[in-house]
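Q: This structure is in structure tokens; I'll ask about it shortly.
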Amino acid sequence: MTHPIPDPRPSSDPLYRNPPPLPRRGPLIGPFCPSCEHPSCRRLRAARLPRLGGQRSEYQREHARAAAIQRHNPHLLIWFGEATLSYWVASPGGLTEARDSGELLILLDPAPALA
């Protein structure tokens, strides 16, 4: 069975839509974005911040998330590593790294095996 490739909609068609324009980004002021979530920009922003209690304020959310997960798992040691930008779990079985909090939660509470 063959289906012909449809022609693009003409601009006179009421269902024709122009794609929305891409967001305009202002020029960078310095070597990194002032508020984006790129790991490289966050690392450069954090390098200029002082350490408060051994942690940089750039990674406050990650440290708070690790502390909250730690409270629910008192038998494990859980922390966020600023150098690796990943979560770490120290358990009796050894040291394990999780790239993000979702992977950390799966590591701590894996889904039961289907029989």
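Quick note on naming: the chains in the structure tokens go A, B, ... in the order shown, residues restart at 1 in each chain, and ligands are numbered from 1 in order of appearance.
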If we count only C-alpha atoms and set the cut-off at 12 Å, which residues sit around region 79-83 of chain A, ignoring sequence neighbours fewer than 3 positions away in its own chain? Please answer as number ranges by chain.

A: A: 39-40, 42-44, 46-47, 51, 54-71, 73, 76, 86-91, 95-101, 104

Q: Quick one, how far is CA of Ile78 (chain A) from CA of Glu103 (chain A)?

A: 13.1 Å

Q: Apply DSSP to the structure's backbone, then extract all residues of chain A labelled alpha helix (DSSP H) and return them as a PyMOL selection string.

A: chain A and resi 39-47+60-72+101-108

Q: Once DSSP has gone over the backbone, tell me which residues of chain A are in strand (DSSP E or B), as a PyMOL selection string.

A: chain A and resi 51-52+55-56+77-81+86-91+94-98

Q: Of the residues A:Pro20, A:Pro74, A:Pro14, A:Pro6, which is the one nearest to Leu108 (chain A), using only C-alpha atoms?

A: A:Pro74
